[in-house]
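J.: I'd like to ask you about the structure that follows.
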Amino acid sequence: MQRFIFRNKNKITLISGILIALAFISKWTTGKINIFNWAMILASIIGALPIAIQAYQALRVKVVSIDVLVTIAVIGAFLIQNFEESAIVTFLFLFGAYLEQRTLNQTRSAIKELLELAPQTALKLMDDGEYEEVDIDDVDEGDILLVKTGAKVPVDGRVIAGEGYINEASITGESVPVEKEKGSNVYAGTILDNGTLQIVADRVGEDTTFGKIIELVEEAQDSKSEAERFIDRFAKYYTPAVLVLGLIVWLITKDVELAITILVLGCPGALVIGVPVSNVAGIGNGAKNGVLLKGSEVINDLSRVDTFVFDKTGTLTEGNPRVAETKYYGDNIEEVLAYLASVERESDHPLAKAVLEEIGEVNYLEVEDTEVVKGGGIIASVNGHRIAVGNVALMEREKVQLSEGVRADIEKFEKNGNSLVLTAVNGQLKVLMGVRDRVRPGVKEDLQRLKRLGVKNLVMLSGDNQGTVDVVSKELGLTEAYGNMLPEDKQAYIKKLMDEGQIVAFVGDGVNDSPSLALANIGIAMGSGTDVAIETSDVVLMNSDFNRLTHALALAKAISRNMKQNIIIAVGVVFILLAGVLFSDWVSMSVGMLVHEGSILAVILNGMRLLRYRLKY
Amino acid sequence: MKQATIQLETLACPSCMQKIEGALKAVDGIDNDTIKISFNSSKVKLEFDEGKTSIEDIESAITRVGYEVIKSKVK
């Protein structure tokens, strides 16, 4: 019987509403008060049924919920024969709950979209050698699965046969398909654009990277900051307190109408929903845009950050030394480059790699008598020519003449922050190359945006030499930059800033700077959805687009603002209503309920604005 | 001890959580410290002693306070 009532709550709401409308129409057209009253009585009883049952259930588990208060209010209204009020109040309460559910559903839509990316079925190799479609819950580790073109990869696993191209956007945000072949790792939730793969399952369900991301987002949406926990505790006592207040007012004034109106105001609904709804919508927006914010406290801290500390290589720069400038001396350049490339192939040095990349494919010649000079470079013999490749010290050792013009070039290259690679053929300087780790495109503008969003300091800590660091720092407009930093130096620096009272965010790639990520107020892992990053950091940027960082900061601030707006709406409305009830006439039970439900909806709709948040460039 | 993850229909009112929590605490066999109600994903996670109660009993407790159970998973 109870179940029946609950399941048909919406219909009850509708019937109640219709009865009330009919009542009013009949009053205006026929003027017969009787019909009006009976319609209202009927509406009240029908509407009150689900509310009363909810109230009873709540009391059974010793919870004084808003249903209890509304039920008492309705009974009170009945007793003073104010059937209009009782009917309208029950209707508004039910209708309000219906609207809330609808809109809250929409607010949580972002995570629902994420969940839909999760695979529901898989093609599993059965004992009879055939593939059968099974529910994703029936797949275990070690099962062999078939993934066809256009299908979602159902688990985290390895390819044992076949090849194809997978779109890993759901995990990395990169929409360029990645080639997969035997031995490659594949991830649940990604899509096989092209090809056929036979895979063995390593991790299934909640243990897949995708599953962990979903769990992370769900838990983040529920994580409560200090403020929210306070509101929760407050809410638990508020409702019973209002009941007591209503009782006291009735005892003192004997004004039933006043007392039950107070009861109706007894739900801190807008306040309790207002803050979490901003959270949910904001985190949902983040997840849709590749920014995982791990909770309410994180959002709070991030919105007030003072200093951003960056790990240089791979974060601000490409992490790949490249030849940035080249100067040629003399002729026969093609031949010289061939010698250079051939010799550099013998070296493991990262500078050699950069040079080789720059030169590209050439006819490699045979290299003999290779001599590696520590701290200098490499000397070898190609086609009888003596080739020396290395730094200035090596050139001087080889007694290579460096003219004034050459020295000027060298100075200019060094000032630009390059590491130098000089090439001499038979004692004659032929090539000067400057190798730099290039700053990633767009980083400069994004850093400026961070400053505009209110970040006071941008700091870079790097293991590279101070010269290179200074050049990058100047180019990007950083506040401070320190080179020659070992991992423990970086941690010490972060600690120093935090001891000074600054709120520090550390941005790294999540793989080798876990201690710094854990130490900083906000650890931001950029460019990976890997397990390590997810565990240790507070914010995970799913791909390595630098503008994800500005979106994360702007989003955090927007969420904070939104929460404060909601709190103001909620508290403001309660005060206005209370003042209205105590000091004036216009707040009746119905009006009170209307305004109350209205405030809850207002707060939810305000939160929903965050779903569509976009940083305005 | 078994771990249960119960998916409910969308929770819309803040006092829902208190009611569900109250109902669950009244069931003998549930480890009260492990009850976790996720308002936003409308999920209930808890640990229970399968000798003292069953997932069906737990689901009934929740539906009795007025919340529909969509599905549940026990590990």
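Residues in the structure tokens are named by chain (A, B, ... in the order shown) and by number from 1 within that chain; ligands are numbered from 1 in the order shown.
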I want to know what sits within 10 Å of region 31-44 of chain B, based on only C-alpha atoms, with residues of the same chain fewer than 4 positions away left out; could you give that as an NGL selection string?
T.: (:A and (104-105 or 107-108 or 111-112 or 217-223 or 276-277 or 279-280)) or (:B and (1 or 3-14 or 16-18 or 20-21 or 24-27 or 48-49 or 62 or 69-72))
J.: Counting only C-alpha atoms, collect the residues of chain A whose closest atom lies at most 7 Å from chain B, and write them out as a list in words.
T.: Phe6, Gln54, Gln57, Ala58, Val61, Val63, Ser65, Glu100, Gln101, Leu104, Glu218, Gln221, Asp222, Gly269, Val272 and Ile273 of chain A
J.: Rank A:Ile166, A:Thr239, A:Asp301, A:Ala533 by their smallest atom-to-atom distance to Ile262 (chain A), using only C-alpha atoms, and report the top residue only.
T.: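 For Ile262 (chain A), the nearest of the candidates is A:Thr239.
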J.: What lies within 9 Å of region 341-354 of chain A using only C-alpha atoms, ignoring chain neighbours under 4 positions off, as a PDB file with C-alpha atoms, in the first residue's frame?
T.:
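In the end it all went to selection-v9.pdb:
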ATOM      1  CA  ASN A 320      62.865  17.508 -26.004  1.00  0.00           C
ATOM      2  CA  PRO A 321      66.062  19.425 -26.751  1.00  0.00           C
ATOM      3  CA  ARG A 322      65.972  20.661 -30.324  1.00  0.00           C
ATOM      4  CA  VAL A 323      68.347  22.589 -32.499  1.00  0.00           C
ATOM      5  CA  VAL A 336      79.893  18.399 -43.722  1.00  0.00           C
ATOM      6  CA  LEU A 337      76.385  17.621 -42.490  1.00  0.00           C
ATOM      7  CA  GLU A 358      67.648  18.413 -37.163  1.00  0.00           C
ATOM      8  CA  ILE A 359      69.756  17.036 -39.972  1.00  0.00           C
ATOM      9  CA  GLY A 360      67.324  14.271 -40.864  1.00  0.00           C
ATOM     10  CA  GLU A 361      68.029  11.424 -43.234  1.00  0.00           C
ATOM     11  CA  VAL A 362      71.372  11.519 -45.069  1.00  0.00           C
ATOM     12  CA  ASN A 363      73.705   8.979 -46.573  1.00  0.00           C
ATOM     13  CA  TYR A 364      75.490   7.789 -43.490  1.00  0.00           C
ATOM     14  CA  LEU A 365      79.227   7.230 -44.030  1.00  0.00           C
ATOM     15  CA  GLU A 366      81.537   4.857 -42.291  1.00  0.00           C
ATOM     16  CA  VAL A 367      83.042   6.185 -39.108  1.00  0.00           C
ATOM     17  CA  THR A 370      85.896   7.145 -32.641  1.00  0.00           C
ATOM     18  CA  VAL A 372      84.728  10.145 -26.904  1.00  0.00           C
ATOM     19  CA  GLY A 377      82.434  15.850 -27.323  1.00  0.00           C
ATOM     20  CA  ILE A 378      83.418  13.259 -29.850  1.00  0.00           C
ATOM     21  CA  ILE A 379      86.220  12.927 -32.405  1.00  0.00           C
ATOM     22  CA  ALA A 380      86.231  10.495 -35.312  1.00  0.00           C
ATOM     23  CA  SER A 381      87.500   9.838 -38.775  1.00  0.00           C
ATOM     24  CA  VAL A 382      85.216   9.812 -41.818  1.00  0.00           C
ATOM     25  CA  ILE A 387      85.804  15.322 -37.595  1.00  0.00           C
ATOM     26  CA  ALA A 388      85.500  16.947 -34.187  1.00  0.00           C
ATOM     27  CA  VAL A 389      82.052  17.568 -32.686  1.00  0.00           C
ATOM     28  CA  SER A 419      73.852  24.578 -25.406  1.00  0.00           C
ATOM     29  CA  LEU A 420      76.522  24.672 -28.144  1.00  0.00           C
ATOM     30  CA  VAL A 421      77.536  22.003 -30.620  1.00  0.00           C
ATOM     31  CA  VAL A 435      70.365  23.404 -28.927  1.00  0.00           C
TER      32      VAL A 435
END
J.: Would you list, as a VMD selection string, the residues of chain B that end up in alpha helix (DSSP H) under DSSP run on this structure's backbone?
T.: chain B and resid 14 to 25 55 to 64
J.: Provide the CA of Pro50 (chain A) to CA of Val74 (chain A) distance in Å, to one decimal place.
T.: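 So the answer is 12.6 Å.
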J.: Can you list, as a list in words, every residue of region 90-152 of chain A that DSSP puts in strand (DSSP E or B)?
T.: Thr121, Ala122, Leu123, Lys124, Leu125, Tyr131, Glu132, Glu133, Val134, Asp135, Ile144, Leu145, Leu146, Val147 and Lys152 of chain A
J.: Neighbours of Leu611 (chain A) within 7 Å (only C-alpha atoms; same-chain residues fewer than 5 positions away dropped), as an NGL selection string?
T.: :A and (281-282 or 284-285)
J.: Could you save the residues just selected, with N, CA and C atoms, as an mmCIF file, in the first residue's frame?
T.:
data_model
loop_
_atom_site.group_PDB
_atom_site.id
_atom_site.type_symbol
_atom_site.label_atom_id
_atom_site.label_comp_id
_atom_site.auth_asym_id
_atom_site.auth_seq_id
_atom_site.Cartn_x
_atom_site.Cartn_y
_atom_site.Cartn_z
ATOM 1 N N ALA A 281 27.888 20.294 -10.040
ATOM 2 C CA ALA A 281 27.884 20.860 -11.386
ATOM 3 C C ALA A 281 29.293 21.244 -11.813
ATOM 4 N N GLY A 282 30.047 21.868 -10.900
ATOM 5 C CA GLY A 282 31.394 22.294 -11.230
ATOM 6 C C GLY A 282 32.314 21.132 -11.534
ATOM 7 N N GLY A 284 31.421 18.223 -12.430
ATOM 8 C CA GLY A 284 30.950 17.601 -13.658
ATOM 9 C C GLY A 284 31.484 18.335 -14.880
ATOM 10 N N ASN A 285 31.433 19.668 -14.839
ATOM 11 C CA ASN A 285 31.980 20.463 -15.932
ATOM 12 C C ASN A 285 33.447 20.147 -16.116
#
J.: Tell me which protein, DNA and RNA residues are within 10 Å of Thr317 (chain A), counting only C-alpha atoms, leaving out same-chain ones fewer than 4 positions away, and put them as an MDAnalysis selection string.
T.: chainID A and resid 311:313 321 436:441 443 472
J.: Can you pull out the residues contacting Asp135 (chain A)? Cut-off 7 Å, using only C-alpha atoms, and skip same-chain residues under 3 positions away; I want them as a list in words.
T.: Gln120, Thr121, Ala122 and Asp138 of chain A
